[in-house]
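Reproduced below: target27.txt, with compact mmCIF, C-alpha atoms and all ligand atoms.
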# COMPACT_ATOMS: atom_id res chain seq x y z
CA MET A 287 212.53 129.59 42.34
CA SER A 288 212.07 127.86 39.01
CA HIS A 289 214.77 126.85 36.55
CA PRO A 290 214.29 126.40 32.82
CA SER A 291 214.29 122.62 32.43
CA THR A 292 217.26 121.15 30.62
CA PRO A 293 216.25 118.20 28.44
CA VAL A 294 217.70 114.91 29.63
CA THR A 295 220.18 113.45 27.16
CA THR A 296 220.38 109.68 26.77
CA ALA A 297 223.02 107.94 24.65
CA LEU A 298 222.68 104.28 23.65
CA ARG A 299 224.96 101.98 21.67
CA GLY A 300 224.37 98.69 19.86
CA ARG A 301 223.14 97.18 16.62
CA LEU A 302 220.89 99.98 15.36
CA VAL A 303 217.80 99.29 13.23
CA LEU A 304 216.92 102.37 11.18
CA PRO A 305 213.93 102.46 8.79
CA ASP A 306 216.13 101.42 5.85
CA ALA A 307 219.42 100.11 7.24
CA VAL A 308 220.95 98.15 10.08
CA ILE A 309 224.14 99.64 11.51
CA GLU A 310 226.18 97.05 13.39
CA ASP A 311 227.98 99.55 15.64
CA GLY A 312 225.34 102.22 15.95
CA ALA A 313 224.48 104.91 18.46
CA LEU A 314 221.35 106.71 19.40
CA VAL A 315 221.14 110.05 21.18
CA LEU A 316 217.85 111.17 22.69
CA GLU A 317 217.26 114.72 23.87
CA GLY A 318 214.14 115.16 25.93
CA ASP A 319 211.33 113.41 24.07
CA ARG A 320 213.04 113.55 20.64
CA VAL A 321 215.60 111.52 18.68
CA ALA A 322 218.64 113.80 18.27
CA TYR A 323 221.04 111.40 16.53
CA ALA A 324 220.70 107.94 14.96
CA GLY A 325 223.72 106.63 13.05
CA PRO A 326 227.19 105.13 13.30
CA ALA A 327 228.68 105.21 16.80
CA ALA A 328 231.81 106.81 15.36
CA GLY A 329 229.85 109.93 14.36
CA ALA A 330 227.75 110.36 17.48
CA PRO A 331 227.85 113.81 19.13
CA VAL A 332 227.69 112.21 22.59
CA ALA A 333 229.70 109.10 23.42
CA ALA A 334 227.62 106.12 24.52
CA ALA A 335 229.00 103.38 26.72
CA HIS A 336 229.56 99.97 25.13
CA ALA A 337 226.59 97.66 25.52
CA PRO A 338 226.65 93.86 25.95
CA ALA A 339 227.28 91.99 22.66
CA GLY A 340 224.09 91.53 20.68
CA THR A 341 222.35 94.57 22.17
CA THR A 342 219.92 95.80 19.51
CA LEU A 343 218.26 99.21 19.31
CA LEU A 344 214.83 99.06 17.66
CA PRO A 345 212.25 101.78 17.20
CA GLY A 346 209.31 101.50 19.60
CA LEU A 347 206.89 99.17 17.83
CA VAL A 348 203.51 100.18 16.35
CA ASP A 349 200.60 97.73 16.69
CA VAL A 350 197.47 98.69 14.74
CA HIS A 351 195.37 95.64 15.64
CA ASP A 352 195.35 94.88 19.35
CA HIS A 353 192.39 94.04 21.59
CA GLY A 354 194.19 93.76 24.91
CA GLY A 355 196.67 92.02 27.17
CA GLY A 356 197.71 91.55 30.76
CA GLY A 357 194.27 90.13 31.55
CA ALA A 358 192.34 93.18 30.27
CA SER A 359 190.62 93.76 26.97
CA PHE A 360 189.50 96.98 25.27
CA PRO A 361 186.13 95.60 24.11
CA ASP A 362 185.36 94.72 27.75
CA ALA A 363 186.95 97.68 29.54
CA THR A 364 184.53 99.87 31.46
CA SER A 365 187.18 102.13 33.02
CA ALA A 366 190.34 103.85 31.85
CA GLU A 367 192.27 101.92 34.49
CA GLN A 368 191.21 98.58 32.96
CA ALA A 369 192.16 99.70 29.47
CA LEU A 370 195.53 100.94 30.73
CA VAL A 371 196.34 97.46 32.07
CA ALA A 372 196.35 96.27 28.47
CA VAL A 373 198.22 99.31 27.18
CA ARG A 374 200.94 98.87 29.82
CA GLU A 375 201.33 95.15 29.15
CA HIS A 376 202.19 95.87 25.52
CA ARG A 377 204.17 99.02 26.24
CA ALA A 378 206.39 97.22 28.76
CA ASN A 379 207.27 94.83 25.94
CA GLY A 380 208.17 97.52 23.42
CA THR A 381 204.91 98.54 21.76
CA THR A 382 205.06 102.29 22.31
CA THR A 383 202.25 103.12 19.86
CA MET A 384 199.04 101.17 19.56
CA LEU A 385 195.48 101.33 18.43
CA ALA A 386 192.92 99.86 20.81
CA SER A 387 190.82 97.39 18.83
CA LEU A 388 187.13 96.84 19.49
CA VAL A 389 185.08 93.86 18.31
CA THR A 390 181.58 93.61 16.91
CA ALA A 391 179.05 94.57 19.57
CA GLY A 392 175.77 96.39 19.92
CA ARG A 393 175.54 100.09 19.14
CA GLU A 394 175.44 101.26 22.79
CA THR A 395 178.49 99.21 23.73
CA LEU A 396 180.47 100.49 20.75
CA ILE A 397 179.58 104.12 21.52
CA ALA A 398 180.50 103.71 25.20
CA ARG A 399 183.87 102.12 24.35
CA ALA A 400 184.58 104.81 21.75
CA GLN A 401 184.05 107.47 24.44
CA LEU A 402 186.27 105.68 26.96
CA LEU A 403 189.09 104.97 24.52
CA GLY A 404 188.82 108.38 22.83
CA ALA A 405 189.67 109.93 26.19
CA LEU A 406 192.75 107.67 26.43
CA ALA A 407 193.80 108.84 22.98
CA ASP A 408 193.34 112.46 24.08
CA ALA A 409 195.63 111.66 27.02
CA GLY A 410 198.29 110.28 24.64
CA GLU A 411 198.11 106.72 25.99
CA ILE A 412 196.93 105.18 22.69
CA ALA A 413 197.09 106.46 19.13
CA GLY A 414 193.41 105.85 18.45
CA ILE A 415 190.76 103.19 17.97
CA HIS A 416 190.34 100.34 15.49
CA SER A 417 186.83 98.94 15.26
CA GLU A 418 186.70 95.35 14.01
CA GLY A 419 183.12 95.33 12.76
CA PRO A 420 180.19 95.46 12.96
CA PHE A 421 179.75 95.45 9.12
CA LEU A 422 181.27 92.00 8.50
CA SER A 423 180.51 88.68 6.82
CA TYR A 424 178.48 86.18 8.82
CA GLU A 425 180.28 83.25 7.13
CA ARG A 426 183.75 84.65 7.89
CA ARG A 427 182.97 86.22 11.27
CA GLY A 428 185.66 84.23 13.15
CA ALA A 429 185.30 85.28 16.78
CA GLN A 430 182.92 88.18 16.00
CA SER A 431 179.56 88.05 17.71
CA PRO A 432 177.01 86.86 15.07
CA GLU A 433 173.94 88.57 16.52
CA HIS A 434 175.55 92.01 16.32
CA LEU A 435 176.60 91.87 12.66
CA VAL A 436 174.58 94.50 10.78
CA PRO A 437 174.39 95.98 7.27
CA GLY A 438 176.54 99.02 6.55
CA ASP A 439 175.38 102.10 8.44
CA ALA A 440 177.25 105.35 7.67
CA ALA A 441 175.37 107.14 10.46
CA LEU A 442 176.79 104.68 13.01
CA VAL A 443 180.29 105.42 11.68
CA ARG A 444 179.71 109.15 12.17
CA ASP A 445 178.37 108.55 15.68
CA LEU A 446 181.44 106.46 16.58
CA VAL A 447 183.74 109.14 15.21
CA ALA A 448 181.95 111.78 17.28
CA ALA A 449 181.88 109.63 20.44
CA SER A 450 185.63 108.97 20.10
CA GLY A 451 186.43 112.66 19.74
CA GLY A 452 187.79 112.01 16.25
CA HIS A 453 190.06 109.17 17.35
CA LEU A 454 188.55 106.39 15.24
CA ARG A 455 191.56 105.49 13.05
CA SER A 456 190.39 102.36 11.24
CA MET A 457 187.49 99.98 10.84
CA THR A 458 187.42 96.45 9.46
CA VAL A 459 184.72 96.17 6.77
CA ALA A 460 183.54 93.45 4.36
CA PRO A 461 183.03 94.84 0.83
CA GLU A 462 180.09 92.54 0.05
CA VAL A 463 178.00 93.70 3.01
CA PRO A 464 175.31 96.08 1.71
CA GLY A 465 175.98 99.71 2.57
CA VAL A 466 179.78 99.37 2.89
CA ALA A 467 181.00 100.27 -0.63
CA GLY A 468 179.75 102.96 -2.95
CA PRO A 469 178.22 106.43 -2.57
CA GLY A 470 176.85 107.20 0.90
CA GLY A 471 178.34 104.00 2.30
CA VAL A 472 180.48 103.18 5.30
CA ALA A 473 183.79 103.42 3.41
CA GLU A 474 182.98 106.94 2.28
CA ALA A 475 182.05 108.00 5.83
CA LEU A 476 185.29 106.53 7.19
CA ILE A 477 187.43 108.34 4.63
CA ALA A 478 185.67 111.63 5.40
CA ALA A 479 186.73 111.16 9.03
CA ASP A 480 190.37 110.33 8.11
CA ALA A 481 189.78 106.74 9.25
CA VAL A 482 191.10 103.81 7.21
CA PRO A 483 188.66 101.21 5.85
CA SER A 484 190.39 97.87 6.44
CA LEU A 485 189.15 95.03 4.26
CA GLY A 486 188.53 91.87 6.23
CA HIS A 487 186.21 89.27 7.75
CA THR A 488 184.85 88.90 4.24
CA SER A 489 183.43 86.13 2.09
CA GLY A 490 183.25 88.47 -0.92
CA SER A 491 184.64 87.90 -4.39
CA ALA A 492 187.90 89.15 -5.85
CA GLU A 493 185.86 91.64 -7.87
CA GLN A 494 184.15 93.03 -4.77
CA ALA A 495 187.53 93.44 -3.07
CA GLU A 496 188.97 95.11 -6.18
CA ALA A 497 186.05 97.53 -6.37
CA LEU A 498 186.41 98.62 -2.73
CA ILE A 499 190.18 99.04 -3.13
CA ALA A 500 189.61 101.14 -6.27
CA GLN A 501 187.17 103.34 -4.34
CA VAL A 502 189.24 103.70 -1.17
CA ALA A 503 192.96 103.61 -1.98
CA PRO A 504 193.21 106.80 -4.11
CA ALA A 505 190.93 108.79 -1.77
CA LEU A 506 193.01 107.80 1.26
CA ARG A 507 196.27 108.60 -0.48
CA GLU A 508 195.11 112.21 -0.95
CA ARG A 509 194.80 112.37 2.85
CA GLY A 510 198.22 110.84 3.56
CA LEU A 511 196.71 107.49 4.57
CA GLU A 512 196.78 103.95 3.14
CA MET A 513 194.15 101.26 2.95
CA THR A 514 194.80 98.10 4.92
CA ALA A 515 193.64 94.49 4.88
CA THR A 516 192.72 93.08 8.29
CA HIS A 517 194.84 90.00 9.07
CA LEU A 518 195.21 88.80 5.48
CA PHE A 519 194.22 85.11 5.09
CA ASN A 520 192.46 84.93 8.48
CA GLY A 521 188.72 85.68 8.28
CA MET A 522 188.50 85.24 4.50
CA PRO A 523 188.21 82.32 2.08
CA PRO A 524 191.53 80.75 1.04
CA LEU A 525 192.82 81.52 -2.43
CA HIS A 526 191.41 79.00 -4.90
CA HIS A 527 192.45 79.26 -8.55
CA ARG A 528 188.87 79.20 -9.87
CA GLU A 529 187.48 81.22 -6.97
CA PRO A 530 190.27 83.57 -5.97
CA GLY A 531 188.30 85.59 -3.40
CA PRO A 532 189.82 88.63 -1.68
CA VAL A 533 193.32 87.24 -1.03
CA ALA A 534 194.57 87.57 -4.61
CA ALA A 535 193.08 91.07 -4.94
CA CYS A 536 194.76 92.19 -1.71
CA LEU A 537 198.14 90.75 -2.68
CA ALA A 538 197.97 92.50 -6.05
CA ALA A 539 196.96 95.78 -4.40
CA ALA A 540 199.81 95.51 -1.90
CA ALA A 541 202.31 94.73 -4.66
CA ARG A 542 201.33 97.87 -6.58
CA GLY A 543 201.30 100.05 -3.45
CA ASP A 544 197.54 100.45 -2.98
CA MET A 545 197.29 98.51 0.26
CA VAL A 546 199.13 97.48 3.41
CA VAL A 547 198.29 93.93 4.45
CA GLU A 548 198.25 92.97 8.12
CA LEU A 549 199.85 89.65 9.02
CA VAL A 550 199.35 88.03 12.43
CA ALA A 551 202.81 86.49 12.11
CA ASP A 552 202.79 84.90 15.55
CA GLY A 553 203.46 81.30 14.52
CA VAL A 554 199.80 80.35 15.18
CA HIS A 555 197.68 82.27 12.64
CA LEU A 556 199.98 81.74 9.63
CA ALA A 557 202.60 79.20 8.62
CA PRO A 558 206.19 80.50 8.50
CA ALA A 559 206.34 79.95 4.72
CA THR A 560 203.23 82.13 4.27
CA ILE A 561 204.89 84.93 6.22
CA ARG A 562 208.17 84.89 4.31
CA SER A 563 206.51 84.40 0.89
CA VAL A 564 204.11 87.32 1.33
CA ILE A 565 206.83 89.67 2.54
CA GLU A 566 209.05 88.65 -0.36
CA MET A 567 206.16 88.99 -2.83
CA VAL A 568 204.73 92.38 -1.88
CA GLY A 569 207.70 93.83 -0.01
CA ALA A 570 207.97 94.72 3.67
CA ASP A 571 206.90 98.22 2.73
CA HIS A 572 203.34 96.98 2.24
CA VAL A 573 203.05 94.68 5.25
CA ALA A 574 202.00 95.54 8.82
CA LEU A 575 202.82 92.94 11.43
CA VAL A 576 200.10 92.91 14.10
CA THR A 577 199.28 90.90 17.21
CA ASP A 578 195.46 90.84 17.14
CA ALA A 579 196.15 90.28 20.85
CA MET A 580 193.40 89.62 23.36
CA ALA A 581 193.37 89.71 27.16
CA ALA A 582 195.56 86.62 27.51
CA ALA A 583 198.64 88.29 25.98
CA GLY A 584 201.32 88.04 28.65
CA MET A 585 199.04 85.85 30.80
CA PRO A 586 198.72 82.11 31.53
CA ASP A 587 196.34 79.70 29.80
CA GLY A 588 192.75 79.83 31.03
CA SER A 589 189.29 81.29 30.42
CA TYR A 590 188.90 84.81 29.02
CA VAL A 591 186.35 86.90 27.13
CA LEU A 592 186.62 88.86 23.90
CA GLY A 593 183.67 91.21 23.89
CA PRO A 594 180.56 89.04 24.25
CA MET A 595 182.40 85.81 23.31
CA ALA A 596 183.90 83.27 25.74
CA VAL A 597 187.47 82.28 24.86
CA THR A 598 189.64 79.41 26.10
CA VAL A 599 193.42 79.71 25.89
CA ALA A 600 195.36 76.45 25.80
CA ASP A 601 199.10 76.21 25.04
CA GLY A 602 199.02 79.94 24.30
CA VAL A 603 196.40 79.57 21.52
CA ALA A 604 193.11 81.48 22.01
CA ARG A 605 189.97 79.82 20.62
CA LEU A 606 186.25 80.43 21.02
CA THR A 607 185.00 78.14 23.77
CA GLU A 608 182.02 77.32 21.49
CA GLY A 609 183.10 76.26 18.00
CA GLY A 610 186.86 76.57 18.32
CA SER A 611 187.51 79.48 15.93
CA ILE A 612 190.85 81.22 16.59
CA ALA A 613 189.93 84.19 18.77
CA GLY A 614 192.82 86.62 18.56
CA GLY A 615 196.44 86.24 19.56
CA THR A 616 198.39 86.06 22.79
CA ALA A 617 201.67 87.55 21.58
CA ARG A 618 203.16 91.02 22.01
CA LEU A 619 204.44 92.67 18.83
CA ILE A 620 208.10 91.95 19.65
CA ASP A 621 207.12 88.26 19.85
CA VAL A 622 205.64 88.60 16.35
CA VAL A 623 208.85 90.26 15.11
CA ARG A 624 210.86 87.39 16.60
CA ALA A 625 208.59 84.80 14.94
CA THR A 626 208.89 86.66 11.62
CA VAL A 627 212.69 86.65 11.79
CA ALA A 628 212.55 82.96 12.72
CA ALA A 629 210.42 82.41 9.59
CA GLY A 630 213.37 83.63 7.50
CA VAL A 631 212.55 87.32 7.05
CA PRO A 632 215.49 89.75 7.39
CA LEU A 633 215.51 91.71 10.67
CA LEU A 634 215.31 95.02 8.82
CA ASP A 635 212.11 93.96 7.00
CA ALA A 636 210.48 92.47 10.09
CA VAL A 637 211.11 95.61 12.13
CA ARG A 638 210.03 97.94 9.32
CA ALA A 639 206.73 96.05 9.04
CA ALA A 640 206.19 96.40 12.79
CA SER A 641 206.95 100.11 13.05
CA TRP A 642 207.54 102.33 10.00
CA VAL A 643 204.90 100.86 7.69
CA PRO A 644 201.91 100.72 10.09
CA ALA A 645 202.74 104.24 11.32
CA ARG A 646 202.87 105.52 7.74
CA ALA A 647 199.63 103.80 6.71
CA LEU A 648 197.73 105.50 9.54
CA GLY A 649 199.43 108.88 9.13
CA LEU A 650 201.25 108.64 12.49
CA ASN A 651 204.22 110.60 11.24
CA ASP A 652 205.83 111.37 14.60
CA VAL A 653 206.55 107.73 15.49
CA GLY A 654 207.60 104.44 13.89
CA GLY A 655 211.28 105.04 13.18
CA LEU A 656 214.59 106.04 14.75
CA VAL A 657 214.77 109.26 12.77
CA VAL A 658 216.06 112.63 14.00
CA GLY A 659 213.17 114.76 15.20
CA ARG A 660 210.70 111.93 15.77
CA ARG A 661 209.45 110.95 19.22
CA ALA A 662 212.13 109.19 21.25
CA ASP A 663 210.54 105.70 21.35
CA VAL A 664 213.14 102.95 21.67
CA LEU A 665 213.01 99.23 22.32
CA VAL A 666 216.36 97.83 23.44
CA THR A 667 216.64 94.06 23.09
CA ASP A 668 219.24 91.37 23.60
CA ALA A 669 220.65 89.33 20.71
CA ASP A 670 217.51 87.12 20.74
CA LEU A 671 215.15 90.11 20.41
CA ARG A 672 213.99 89.85 24.02
CA PRO A 673 213.13 93.27 25.51
CA VAL A 674 215.60 94.64 28.05
CA ARG A 675 214.60 98.33 28.12
CA VAL A 676 211.76 100.41 26.69
CA ILE A 677 211.84 104.20 26.32
CA ARG A 678 208.73 106.15 25.30
CA ALA A 679 208.94 109.89 24.55
CA GLY A 680 212.37 109.89 26.18
CA VAL A 681 211.14 108.30 29.43
CA ASP A 682 211.96 104.78 30.63
CA VAL A 683 208.76 102.73 30.79
CA ALA A 684 210.33 99.29 31.26
ZN ZN A 701 191.03 91.40 15.87

Can the structure in the file be given as structure tokens, please?
Amino acid sequence: MSHPSTPVTTALRGRLVLPDAVIEDGALVLEGDRVAYAGPAAGAPVAAAHAPAGTTLLPGLVDVHDHGGGGASFPDATSAEQALVAVREHRANGTTTMLASLVTAGRETLIARAQLLGALADAGEIAGIHSEGPFLSYERRGAQSPEHLVPGDAALVRDLVAASGGHLRSMTVAPEVPGVAGPGGVAEALIAADAVPSLGHTSGSAEQAEALIAQVAPALRERGLEMTATHLFNGMPPLHHREPGPVAACLAAAARGDMVVELVADGVHLAPATIRSVIEMVGADHVALVTDAMAAAGMPDGSYVLGPMAVTVADGVARLTEGGSIAGGTARLIDVVRATVAAGVPLLDAVRAASWVPARALGLNDVGGLVVGRRADVLVTDADLRPVRVIRAGVDVA
């Protein structure tokens, strides 16, 4: 005999971080996989027990640049089980929505990974795929494999979209690489597939960045999406007053609402003053905090790989074994939020940039905020923003 299932109701109490306010004595009511109430504890329809002092209720975090963790990496995964090791490492630490990021590799490898990860997106485990490359600057390749960098190829974009089952959500591109900007180029093919061109790993000029932003930002907006910059400052020339490069163009675009800039605000990739100045300058509404995590996230120091590149992690910092370029991060997104708050950014802004803004930029409108009707994704932390409980779609996952 079957019974109609009654949705499980969960009530939580603590400092509540909404998309645009922090409520000191807040409450959250979840019904089934949805948020049913998020507001002052005094007005909650279901009473929640008092929580330990400092308990903080955050939305499940949204990481749009993440190559792996827990010893596994998406560019190297050859089975769903391997990829899920990385997904679960981040999820257990509060990242309830993530893109799986690839790195520059040969065509066959990219197609195979797009198929594997597209199936994980179909299963609801990840929100889609971010491809970092392969149409990037040789000079500013960072940890990207030099022999696989190629000129812009719109047909390859369409093949990746098809192989992923339509789950390619973003691709890092350098505007100066031939075949990226302009009619028939890579950016156009990405937009047609509802995927976000993300400006990065570029040695191009300010003018080349401005031209790509002018082409992409309005076209994406019509589709409910926003252009991004891939880890602003990293993988691009520093701002020089006579040679401003892409940084100035990206900051201006973010300030006027044409771009969301990623910051790997983990305390390694950027100085604390850079983090707080950028967020103050362009506003948290135009910043996405990301991890750029690789396999070593949540793991000890040692030897790892990132796609075809060998990486050595020492004192938690990942560098190419040959050459010493920074090769991704080892933090989880809550660690980045904690580092951002430690840099002097208000909690509300740090959390918004790690949830609401990246979700909005990629059109993920069911997640990213503790808002009635959205998916019940909650990260409960202690006063120091250390995870104590993670709920995804109403179900405890840590
Ligand atoms: Zn990356």

Exercise for the section: Could you give me, as number ranges by chain, every polymer residue with an atom at most 7 Å away from an atom of ligand ZN 701 (chain A), counting only C-alpha atoms and all ligand atoms? Expected result: A: 351-353, 387, 389, 418, 578, 614

Please produce a file of the residues just selected, as an mmCIF file, in the frame of the given file, where the atoms kept are C-alpha atoms.
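Final file, selection.cif:
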data_model
loop_
_atom_site.group_PDB
_atom_site.id
_atom_site.type_symbol
_atom_site.label_atom_id
_atom_site.label_comp_id
_atom_site.auth_asym_id
_atom_site.auth_seq_id
_atom_site.Cartn_x
_atom_site.Cartn_y
_atom_site.Cartn_z
ATOM 1 C CA HIS A 351 195.370 95.640 15.640
ATOM 2 C CA ASP A 352 195.350 94.880 19.350
ATOM 3 C CA HIS A 353 192.390 94.040 21.590
ATOM 4 C CA SER A 387 190.820 97.390 18.830
ATOM 5 C CA VAL A 389 185.080 93.860 18.310
ATOM 6 C CA GLU A 418 186.700 95.350 14.010
ATOM 7 C CA ASP A 578 195.460 90.840 17.140
ATOM 8 C CA GLY A 614 192.820 86.620 18.560
#

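Atom CA of Arg444 of chain A sits 29.5 Å away from atom CA of Gly531 of chain A.
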
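A straight line drawn from atom CA of Asp682 of chain A to atom CA of Asp663 of chain A is 9.4 Å long.
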
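Picture a line from atom CA of Val683 of chain A to atom CA of Leu575 of chain A; it runs 22.5 Å.
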
Exercise for the section: Would you be able to write out as a list in words which residues have an atom within 9 Å of (206.5, 106.5, 16.5) in the file's coordinates, counting all atoms listed in the file? Expected result: Pro345, Gly346, Leu347, Val348, Thr382, Thr383, Ser641, Trp642, Ala645, Leu650, Asn651, Asp652, Val653, Gly654, Gly655, Leu656, Arg660, Arg661, Ala662 and Asp663 of chain A

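The nearest approach to Asn520 of chain A among the residues A:Gly356, A:Pro632, A:Gly486, A:Gly659, with only C-alpha atoms taken into account, belongs to A:Gly486.
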
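Using only C-alpha atoms, the shortest contact distance between Asp552 of chain A and any of A:Asp670, A:Asp621, A:Asp362, A:Glu608 is found at A:Asp621.
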
Handout entry: Distance query Pro361 of chain A at most 12 Å, only C-alpha atoms, self and fewer than 5 positions along chain excluded, as a VMD selection string
Key = chain A and resid 352 to 355 368 to 369 372 386 to 392 395 to 400 402 to 403 415 to 419 430 to 431 579 to 581 591 to 595

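Among A:Leu304, A:Gly468, A:Gly357, A:Thr296, the residue with the shortest atom-to-atom distance to Val599 of chain A, counting all atoms listed in the file, is A:Gly357.
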
Quick one: residues within 12 Å of Gly410 of chain A, all atoms listed in the file, excluding same-chain residues fewer than 4 positions away - as a compact mmCIF listing (two decimals) with C-alpha atoms, in the frame of the given file?
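part-v2.txt, freshly written:
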# COMPACT_ATOMS: atom_id res chain seq x y z
CA LEU A 370 195.53 100.94 30.73
CA VAL A 373 198.22 99.31 27.18
CA THR A 382 205.06 102.29 22.31
CA THR A 383 202.25 103.12 19.86
CA MET A 384 199.04 101.17 19.56
CA LEU A 385 195.48 101.33 18.43
CA LEU A 403 189.09 104.97 24.52
CA GLY A 404 188.82 108.38 22.83
CA ALA A 405 189.67 109.93 26.19
CA LEU A 406 192.75 107.67 26.43
CA GLY A 414 193.41 105.85 18.45
CA HIS A 453 190.06 109.17 17.35
CA ARG A 678 208.73 106.15 25.30
CA ALA A 679 208.94 109.89 24.55

Handout entry: Neighbour list for Glu493 of chain A as a PyMOL selection string, cut-off 8 Å, only C-alpha atoms, skip fewer than 3 positions in-chain
Key = chain A and resi 496-497+531-532+535

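Ranking A:Ser456, A:Thr516, A:Thr342, A:Thr616 by their shortest atom-to-atom distance to Thr488 of chain A, with all atoms listed in the file included, puts A:Thr516 first.
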
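Considering all atoms listed in the file, the residue among A:Val303, A:His376, A:Ala541, A:Gly553 positioned nearest to Ala582 of chain A is A:His376.
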
Would you mind putting all heavy atoms back on segment 500-506 of chain A and writing the result as a short mmCIF file (atom, residue, chain, number, x, y, z; two decimals), in the coordinates of the input?
data_model
loop_
_atom_site.label_atom_id
_atom_site.label_comp_id
_atom_site.auth_asym_id
_atom_site.auth_seq_id
_atom_site.Cartn_x
_atom_site.Cartn_y
_atom_site.Cartn_z
N ALA A 500 189.59 100.06 -5.27
CA ALA A 500 189.61 101.14 -6.27
C ALA A 500 188.90 102.39 -5.74
O ALA A 500 189.28 103.52 -6.06
CB ALA A 500 188.94 100.66 -7.56
N GLN A 501 187.88 102.19 -4.93
CA GLN A 501 187.17 103.34 -4.34
C GLN A 501 188.01 104.00 -3.25
O GLN A 501 188.08 105.24 -3.17
CB GLN A 501 185.82 102.89 -3.74
CG GLN A 501 185.05 104.02 -3.06
CD GLN A 501 183.87 103.53 -2.20
OE1 GLN A 501 183.42 102.39 -2.34
NE2 GLN A 501 183.40 104.38 -1.32
N VAL A 502 188.65 103.18 -2.41
CA VAL A 502 189.24 103.70 -1.17
C VAL A 502 190.68 104.16 -1.33
O VAL A 502 191.07 105.22 -0.81
CB VAL A 502 189.14 102.61 -0.07
CG1 VAL A 502 189.98 102.97 1.13
CG2 VAL A 502 187.68 102.40 0.33
N ALA A 503 191.51 103.35 -2.01
CA ALA A 503 192.96 103.61 -1.98
C ALA A 503 193.33 105.01 -2.47
O ALA A 503 194.08 105.73 -1.79
CB ALA A 503 193.71 102.53 -2.74
N PRO A 504 192.81 105.46 -3.64
CA PRO A 504 193.21 106.80 -4.11
C PRO A 504 192.70 107.92 -3.19
O PRO A 504 193.41 108.90 -2.96
CB PRO A 504 192.56 106.92 -5.49
CG PRO A 504 192.04 105.57 -5.84
CD PRO A 504 191.91 104.79 -4.58
N ALA A 505 191.50 107.75 -2.65
CA ALA A 505 190.93 108.79 -1.77
C ALA A 505 191.73 108.90 -0.48
O ALA A 505 191.96 110.00 0.04
CB ALA A 505 189.47 108.47 -1.46
N LEU A 506 192.20 107.76 0.05
CA LEU A 506 193.01 107.80 1.26
C LEU A 506 194.37 108.44 0.99
O LEU A 506 194.90 109.19 1.81
CB LEU A 506 193.23 106.39 1.82
CG LEU A 506 192.07 105.76 2.59
CD1 LEU A 506 192.50 104.38 3.09
CD2 LEU A 506 191.62 106.61 3.77
#
